[in-house]
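Take a look at the structure below.
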Amino acid sequence: MSELFDAVDALVASRSPLPSAEERKRLRIAHGLTLDEVAAALKVRRATVSGWESAKKPTEPRGPEREAYARLLAKLAELYPAPSPPETLVAPAVPVAFTGTPAPAEAQTLSTGPAAEAAAMTAHENTQTPAPVAAAPTTASRPARTARPSSTSRRPGAKKAAPAGTPAGGTDPRFENGPLAVVDVEDGQVVAYCTGGLVLDVPAKSLPSLVDWTLKEAKLGQPKLSGPGKDADPLLVLTQAALERYGLPVTLTDEERLAGRIPEGHKVIKQLIRAEWKLTKRGFGPWARIYRPATGSERACVQLCIPSWNALDTRHWGQAGQLPPAELARLLGVYASRVMTPRGSTAVTGLELMTALHPPTRASEPDADGKRHSQHNPGSLGKDPVDCAPCEAPDGHPLLADLPRFHVRGPAEKLFEEAYDWARPMTDAECTLRHLVGIDVNMAFAAGANGLTVGLGAPTHVKAPAFDPKLPGSWLVDLSHVDLSRVKVSKDKWVELDAGLLPSPFTPKGNRPEGPAWYATPTVAYAVELGYNVAPIEAWVRPTVQQARALGITVTQEDIDTSRYDNGRYLDGWYNRLRDAYLATMADLGVDADLSPEDFLAAMDGYKERDPELAIVVSAIKATVKGGLGKLRERPRGEGWRPGEPWRALSRPTWRPDIRAAVISRTRINLHRKIVKHASFTGQYPVAILSDCVVYAADGPSPLDFLPYREGKPLPGGFKLGINPGLVKHEGTQTVLWGEEVRDRFHAPELNLARYIKDGTVTDVDNGE
């Protein structure tokens, strides 16, 4: 009889309704179970359980799995009945504007807490409104496949199931399956997980045939971002199972990791050579590119990403490399649709995005024979590298080969524009306050790039020029006379400040200059803005034709034809795309651009837990900004390099240390401008600054305890809470006693507390001893 009852129970369970996807997830989390634990108990894949909990398009278990899953949920429901939240908890809730995975029920009651990021921008940039952007694709579980004559399969209705804006489809039929695919092996069959929940069966038995299939049948890729540009090559992400299937090592040896590639004699490379495929100079590494020389406008190139070879740096991509294929495809698909298809590390992609938005060449108008030719694309950096100015060259550059071997260049020989690393002892009055509150500028270096005029060609040397704030370049000028105790804050208003509590805006360490030094244009322009005269001794500038003539430079027709003299806002499109990507992804995580200060602080508290995969995308976008700017001044990376010899990066037209210096200069100046505005209005001065994080002493633990908001409106030109680039968020709060104890413990009265304000953990202290 008991067997009959068990059979009846199973029959009822197989037809009984299951709780909602949100409730399933709540019950699992309440009992402390992971997706892997549930999957192991039910003998299904992790992605299957994730699909059952998907808030957008949950899948339903069938057969014995449904019976067991229903029993598990019923037991958990007995232990953890659904709570009825009191009405008082709803007031500070995060705006429900997610297009990614919604927060679990327990995560929707928020309080003020720390969050992190980096930078600064001018006051007029603080009010920018983001453009509408596409929604994030939902997490896709493993769909069922049906055989098709073309050897590709997809879940029936997958296109319709994908949310609006998902990158899986598109108007271009060449790339209807999205920009990339994660290649895996299941039940002996190679499959490709695409964005938008699509899964393709892969017939390829070898890596060369996989490349052929990708180019001929997979319909992967991404349309170009600019008219004269090139379409993005398809990206294949190979899982460990796929590596084994195609004869590649699952991990690299120490020697291979150091070399960044597998040996050229590897059997898979020999297969590619026999099939007449080529590899780029960096060889077969974590981001391998396999191609055949282009014929006309047709490209034949596939890029590989191999997570188990550390292609996805955990500093920027978190645990993305450990995700199941469907979830990894979703994560990378969101990044690809909003930024671009990854071309390598986030730094490489940041630099490639600049070129994709401003290709170096374009097609000319038809000549007399009706043929078009390649010509310079106005507004780009061109296709040929240019030398930097001697003052802009980093140590070891060929331009400095004649210097004595151990010569150390000082400020009058070397441009040194870097971010802040400054701190000071607290005053007696500050020690009576209770808290140290850190605020952090969102996407600061991106904001510093917005609207910035940079040179597009080689520098021109001029002696004793009149300073022009609209002329990009490097200037040798003495700014030691600028006195921060009395500065100009508007056209006719001067204010008196305590200069001893302020960092100098002209040096990264905040020290007052002692004599002539090299500065980028934004730094010198700020000295003029503060009300002081400047008299450059010499300069290396990058003028337009009109500016060159005003400087007394003879401009020839050849100079005009070759765009020898030109400058412009090269980084605007780059900034706009990364800003939109950042704001769209943060909106998916519940942090919108139009929140009140209180709602913004609440929304930022715990935003990463609402959708950990989208939080990784945010991290990758921020790393793309910083890494891309860093690549503009890339240093030698081994390669047997010796000082005075050229290194590989110098052959790129995008090796432009002057552009990097200008962005950092403007970012630092934007931050100092806000600090001065805040000090002149409130009498409050920063205790420490690290890059784009500023720490103030305050009576309360929240930024609202010291930021001068009046009726919800911030101080004009000062700090403003919000998610837009250039606005600030709460970085962290510690007690004043903590700060003093840390400085006493390490005998460092000027220890930079901004470095540790986020969580209070103090490591790697260098007090100069």
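In the structure tokens, each chain is lettered A, B, ... as it comes, each chain's residues begin at 1, and ligands are numbered from 1 in order of appearance.
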Next on the checklist: Can you tell me which residues surround Ala525 in chain A at a distance of at most 12 Å, considering only C-alpha atoms, apart from same-chain residues fewer than 6 positions away, and format the answer as a count of residues only?
Outcome noted: 25
Checklist entry - Can you list, as JSON, numbers by chain, every protein, DNA or RNA residue that comes within 10 Å of Pro263 in chain A when you count only C-alpha atoms, leaving out same-chain residues fewer than 4 positions away? => result {"A": [255, 256, 259, 267, 269, 283, 284, 285]}
Please produce a file of the residues just selected, as a JSON list (two decimals), in the first residue's frame, where the atoms kept are N, CA and C atoms.
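File written: again-v8.json
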```json
[["chain", "number", "residue", "atom", "x", "y", "z"],
["A", 255, "GLU", "N", 55.95, 28.05, -18.11],
["A", 255, "GLU", "CA", 56.74, 28.59, -19.23],
["A", 255, "GLU", "C", 55.83, 29.18, -20.30],
["A", 256, "GLU", "N", 54.73, 28.49, -20.60],
["A", 256, "GLU", "CA", 53.78, 29.00, -21.60],
["A", 256, "GLU", "C", 53.09, 30.26, -21.10],
["A", 259, "ALA", "N", 55.44, 33.10, -21.52],
["A", 259, "ALA", "CA", 55.57, 33.47, -22.95],
["A", 259, "ALA", "C", 54.27, 34.03, -23.50],
["A", 267, "LYS", "N", 50.68, 20.65, -32.01],
["A", 267, "LYS", "CA", 49.99, 19.96, -33.10],
["A", 267, "LYS", "C", 48.80, 20.77, -33.65],
["A", 269, "ILE", "N", 48.56, 24.05, -33.83],
["A", 269, "ILE", "CA", 49.10, 25.10, -34.70],
["A", 269, "ILE", "C", 49.52, 24.51, -36.04],
["A", 283, "GLY", "N", 50.92, 35.11, -31.39],
["A", 283, "GLY", "CA", 50.83, 33.66, -31.37],
["A", 283, "GLY", "C", 49.51, 33.14, -30.82],
["A", 284, "PHE", "N", 49.54, 31.85, -30.43],
["A", 284, "PHE", "CA", 48.32, 31.20, -29.93],
["A", 284, "PHE", "C", 48.32, 31.30, -28.41],
["A", 285, "GLY", "N", 47.70, 32.37, -27.93],
["A", 285, "GLY", "CA", 47.63, 32.61, -26.49],
["A", 285, "GLY", "C", 46.19, 32.74, -26.03]]
```
Next on the checklist: If we count only C-alpha atoms and set the cut-off at 9 Å, which residues sit around Glu740 in chain A, ignoring sequence neighbours fewer than 6 positions away in its own chain? Please answer as a PyMOL selection string.
Outcome noted: chain A and resi 426+431+749
Can I get the selected residues back with C-alpha atoms, as a tab-separated table (two decimals), in the first residue's frame?
```tsv
chain	number	residue	atom	x	y	z
A	426	MET	CA	44.01	66.10	10.83
A	431	CYS	CA	39.74	65.17	15.54
A	749	PRO	CA	51.00	60.97	10.40
```
Next on the checklist: DSSP on the backbone, strand (DSSP E or B) only: what residues of range 525-627 of chain A does that give? Format it as a list of chain:residue names.
Outcome noted: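 Checking each residue of range 525-627 of chain A, the strand (DSSP E or B) ones are A:Glu538, A:Ala539, A:Trp540, A:Val541, A:Asn567, A:Gly568.
Restricting the calculation to only C-alpha atoms, the smallest distance between Lys230 in chain A and any of A:Ala446, A:Ile616, A:Leu27, A:Leu357 is found for A:Leu357.
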Which residues come within 7 Å of range 297-309 of chain A, counting only C-alpha atoms, excluding same-chain residues fewer than 3 positions away, as a compact mmCIF listing (two decimals) with all heavy atoms, in the first residue's frame?
```
# COMPACT_ATOMS: atom_id res chain seq x y z
N VAL A 211 36.97 27.07 -37.19
CA VAL A 211 37.13 28.41 -37.74
C VAL A 211 36.34 28.54 -39.05
O VAL A 211 35.65 29.55 -39.28
CB VAL A 211 38.62 28.72 -37.97
CG1 VAL A 211 38.80 30.07 -38.66
CG2 VAL A 211 39.39 28.70 -36.65
N ASP A 233 35.17 41.04 -35.81
CA ASP A 233 35.32 39.61 -36.09
C ASP A 233 34.57 38.79 -35.05
O ASP A 233 34.42 39.22 -33.90
CB ASP A 233 36.80 39.22 -36.05
CG ASP A 233 37.62 39.96 -37.10
OD1 ASP A 233 37.12 40.11 -38.22
OD2 ASP A 233 38.74 40.40 -36.77
N PRO A 234 34.07 37.62 -35.43
CA PRO A 234 33.38 36.77 -34.46
C PRO A 234 34.33 36.32 -33.35
O PRO A 234 35.52 36.09 -33.59
CB PRO A 234 32.89 35.58 -35.29
CG PRO A 234 33.74 35.60 -36.52
CD PRO A 234 34.10 37.02 -36.77
N LEU A 235 33.79 36.20 -32.15
CA LEU A 235 34.57 35.78 -31.00
C LEU A 235 34.05 34.43 -30.50
O LEU A 235 32.84 34.27 -30.27
CB LEU A 235 34.46 36.81 -29.87
CG LEU A 235 35.09 36.43 -28.53
CD1 LEU A 235 36.60 36.28 -28.66
CD2 LEU A 235 34.73 37.46 -27.45
N LEU A 236 34.95 33.47 -30.35
CA LEU A 236 34.63 32.16 -29.78
C LEU A 236 35.31 32.04 -28.43
O LEU A 236 36.52 32.22 -28.32
CB LEU A 236 35.09 31.03 -30.70
CG LEU A 236 34.45 30.94 -32.09
CD1 LEU A 236 35.02 29.73 -32.84
CD2 LEU A 236 32.93 30.86 -32.01
N VAL A 237 34.53 31.72 -27.42
CA VAL A 237 35.06 31.48 -26.08
C VAL A 237 35.09 29.97 -25.88
O VAL A 237 34.05 29.31 -25.95
CB VAL A 237 34.18 32.16 -25.01
CG1 VAL A 237 34.80 31.99 -23.63
CG2 VAL A 237 33.97 33.63 -25.34
N LEU A 238 36.26 29.43 -25.62
CA LEU A 238 36.41 27.97 -25.52
C LEU A 238 36.45 27.55 -24.06
O LEU A 238 37.30 27.99 -23.29
CB LEU A 238 37.70 27.52 -26.22
CG LEU A 238 37.86 27.89 -27.70
CD1 LEU A 238 39.15 27.28 -28.25
CD2 LEU A 238 36.66 27.43 -28.51
N THR A 239 35.51 26.68 -23.68
CA THR A 239 35.52 26.11 -22.34
C THR A 239 36.60 25.04 -22.24
O THR A 239 37.20 24.64 -23.24
CB THR A 239 34.16 25.50 -22.00
OG1 THR A 239 33.94 24.36 -22.85
CG2 THR A 239 33.03 26.51 -22.19
N GLN A 240 36.81 24.54 -21.04
CA GLN A 240 37.81 23.50 -20.84
C GLN A 240 37.45 22.24 -21.63
O GLN A 240 38.32 21.58 -22.21
CB GLN A 240 37.96 23.18 -19.36
CG GLN A 240 38.52 24.33 -18.55
CD GLN A 240 38.82 23.95 -17.11
OE1 GLN A 240 38.99 22.78 -16.78
NE2 GLN A 240 38.88 24.95 -16.23
N VAL A 250 44.25 22.36 -21.29
CA VAL A 250 43.24 23.02 -20.47
C VAL A 250 43.84 24.21 -19.75
O VAL A 250 43.20 25.25 -19.58
CB VAL A 250 42.63 22.01 -19.46
CG1 VAL A 250 41.73 22.73 -18.46
CG2 VAL A 250 41.84 20.94 -20.21
N THR A 251 45.09 24.09 -19.32
CA THR A 251 45.79 25.20 -18.68
C THR A 251 47.19 25.31 -19.29
O THR A 251 47.70 24.35 -19.89
CB THR A 251 45.92 24.99 -17.16
OG1 THR A 251 46.61 23.77 -16.91
CG2 THR A 251 44.55 24.96 -16.49
N LEU A 252 47.80 26.44 -19.11
CA LEU A 252 49.15 26.67 -19.62
C LEU A 252 50.18 26.30 -18.57
O LEU A 252 49.95 26.45 -17.36
CB LEU A 252 49.33 28.13 -20.02
CG LEU A 252 48.43 28.68 -21.13
CD1 LEU A 252 48.73 30.16 -21.37
CD2 LEU A 252 48.59 27.89 -22.41
N PRO A 286 45.97 33.35 -24.86
CA PRO A 286 44.61 33.48 -24.31
C PRO A 286 43.65 34.22 -25.22
O PRO A 286 42.45 33.98 -25.17
CB PRO A 286 44.85 34.24 -23.00
CG PRO A 286 46.27 33.95 -22.64
CD PRO A 286 47.00 33.84 -23.94
N TRP A 287 44.16 35.14 -26.04
CA TRP A 287 43.32 35.90 -26.99
C TRP A 287 43.90 35.72 -28.40
O TRP A 287 44.40 36.65 -29.02
CB TRP A 287 43.28 37.38 -26.63
CG TRP A 287 42.51 37.69 -25.40
CD1 TRP A 287 42.99 37.82 -24.14
CD2 TRP A 287 41.09 37.91 -25.32
NE1 TRP A 287 41.97 38.10 -23.26
CE2 TRP A 287 40.79 38.16 -23.95
CE3 TRP A 287 40.05 37.91 -26.26
CZ2 TRP A 287 39.50 38.42 -23.52
CZ3 TRP A 287 38.77 38.17 -25.81
CH2 TRP A 287 38.49 38.41 -24.47
N ALA A 288 43.85 34.51 -28.90
CA ALA A 288 44.43 34.21 -30.21
C ALA A 288 43.54 34.75 -31.34
O ALA A 288 42.31 34.73 -31.24
CB ALA A 288 44.61 32.71 -30.38
N ARG A 289 44.20 35.21 -32.42
CA ARG A 289 43.48 35.65 -33.62
C ARG A 289 43.94 34.77 -34.78
O ARG A 289 45.14 34.70 -35.09
CB ARG A 289 43.75 37.12 -33.92
CG ARG A 289 43.25 38.05 -32.84
CD ARG A 289 43.38 39.51 -33.25
NE ARG A 289 42.47 39.85 -34.31
CZ ARG A 289 41.17 40.11 -34.15
NH1 ARG A 289 40.64 40.06 -32.95
NH2 ARG A 289 40.41 40.42 -35.17
N ILE A 290 42.98 34.11 -35.43
CA ILE A 290 43.26 33.19 -36.53
C ILE A 290 42.68 33.81 -37.80
O ILE A 290 41.49 34.15 -37.84
CB ILE A 290 42.63 31.81 -36.25
CG1 ILE A 290 43.16 31.26 -34.92
CG2 ILE A 290 42.92 30.84 -37.38
CD1 ILE A 290 42.45 29.99 -34.46
N TYR A 291 43.50 33.95 -38.84
CA TYR A 291 43.04 34.70 -40.01
C TYR A 291 43.69 34.19 -41.28
O TYR A 291 44.68 33.44 -41.27
CB TYR A 291 43.35 36.18 -39.83
CG TYR A 291 44.81 36.52 -40.00
CD1 TYR A 291 45.31 37.03 -41.19
CD2 TYR A 291 45.72 36.30 -38.95
CE1 TYR A 291 46.65 37.33 -41.36
CE2 TYR A 291 47.07 36.60 -39.10
CZ TYR A 291 47.53 37.11 -40.31
OH TYR A 291 48.86 37.39 -40.47
N ARG A 292 43.11 34.64 -42.38
CA ARG A 292 43.75 34.57 -43.69
C ARG A 292 43.82 35.99 -44.22
O ARG A 292 42.93 36.80 -43.92
CB ARG A 292 42.94 33.69 -44.66
CG ARG A 292 43.05 32.20 -44.36
CD ARG A 292 42.37 31.36 -45.43
NE ARG A 292 42.49 29.93 -45.14
CZ ARG A 292 41.45 29.10 -45.09
NH1 ARG A 292 40.24 29.54 -45.32
NH2 ARG A 292 41.65 27.83 -44.81
N ALA A 294 43.24 39.35 -45.99
CA ALA A 294 41.99 39.84 -46.56
C ALA A 294 42.10 39.94 -48.07
O ALA A 294 43.15 40.28 -48.63
CB ALA A 294 41.63 41.20 -45.97
N LEU A 312 40.36 36.14 -19.07
CA LEU A 312 39.48 37.07 -18.37
C LEU A 312 40.08 37.36 -17.00
O LEU A 312 39.86 36.63 -16.03
CB LEU A 312 38.07 36.46 -18.24
CG LEU A 312 37.38 36.14 -19.58
CD1 LEU A 312 36.05 35.44 -19.34
CD2 LEU A 312 37.19 37.40 -20.42
N GLY A 321 35.10 33.74 -15.69
CA GLY A 321 35.65 32.55 -16.32
C GLY A 321 35.14 31.25 -15.73
O GLY A 321 35.31 30.19 -16.34
```
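Comparing the minimum interatomic distances between Lys729 in chain A and each of A:Leu331, A:Val185, A:Ala550, A:Leu707, counting only C-alpha atoms, we find that A:Leu707 sits nearest.
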Checklist entry - Which is closest to Lys75 in chain A among A:Val676, A:Pro404, A:Arg28, A:Val49, if we use only C-alpha atoms? => result A:Arg28
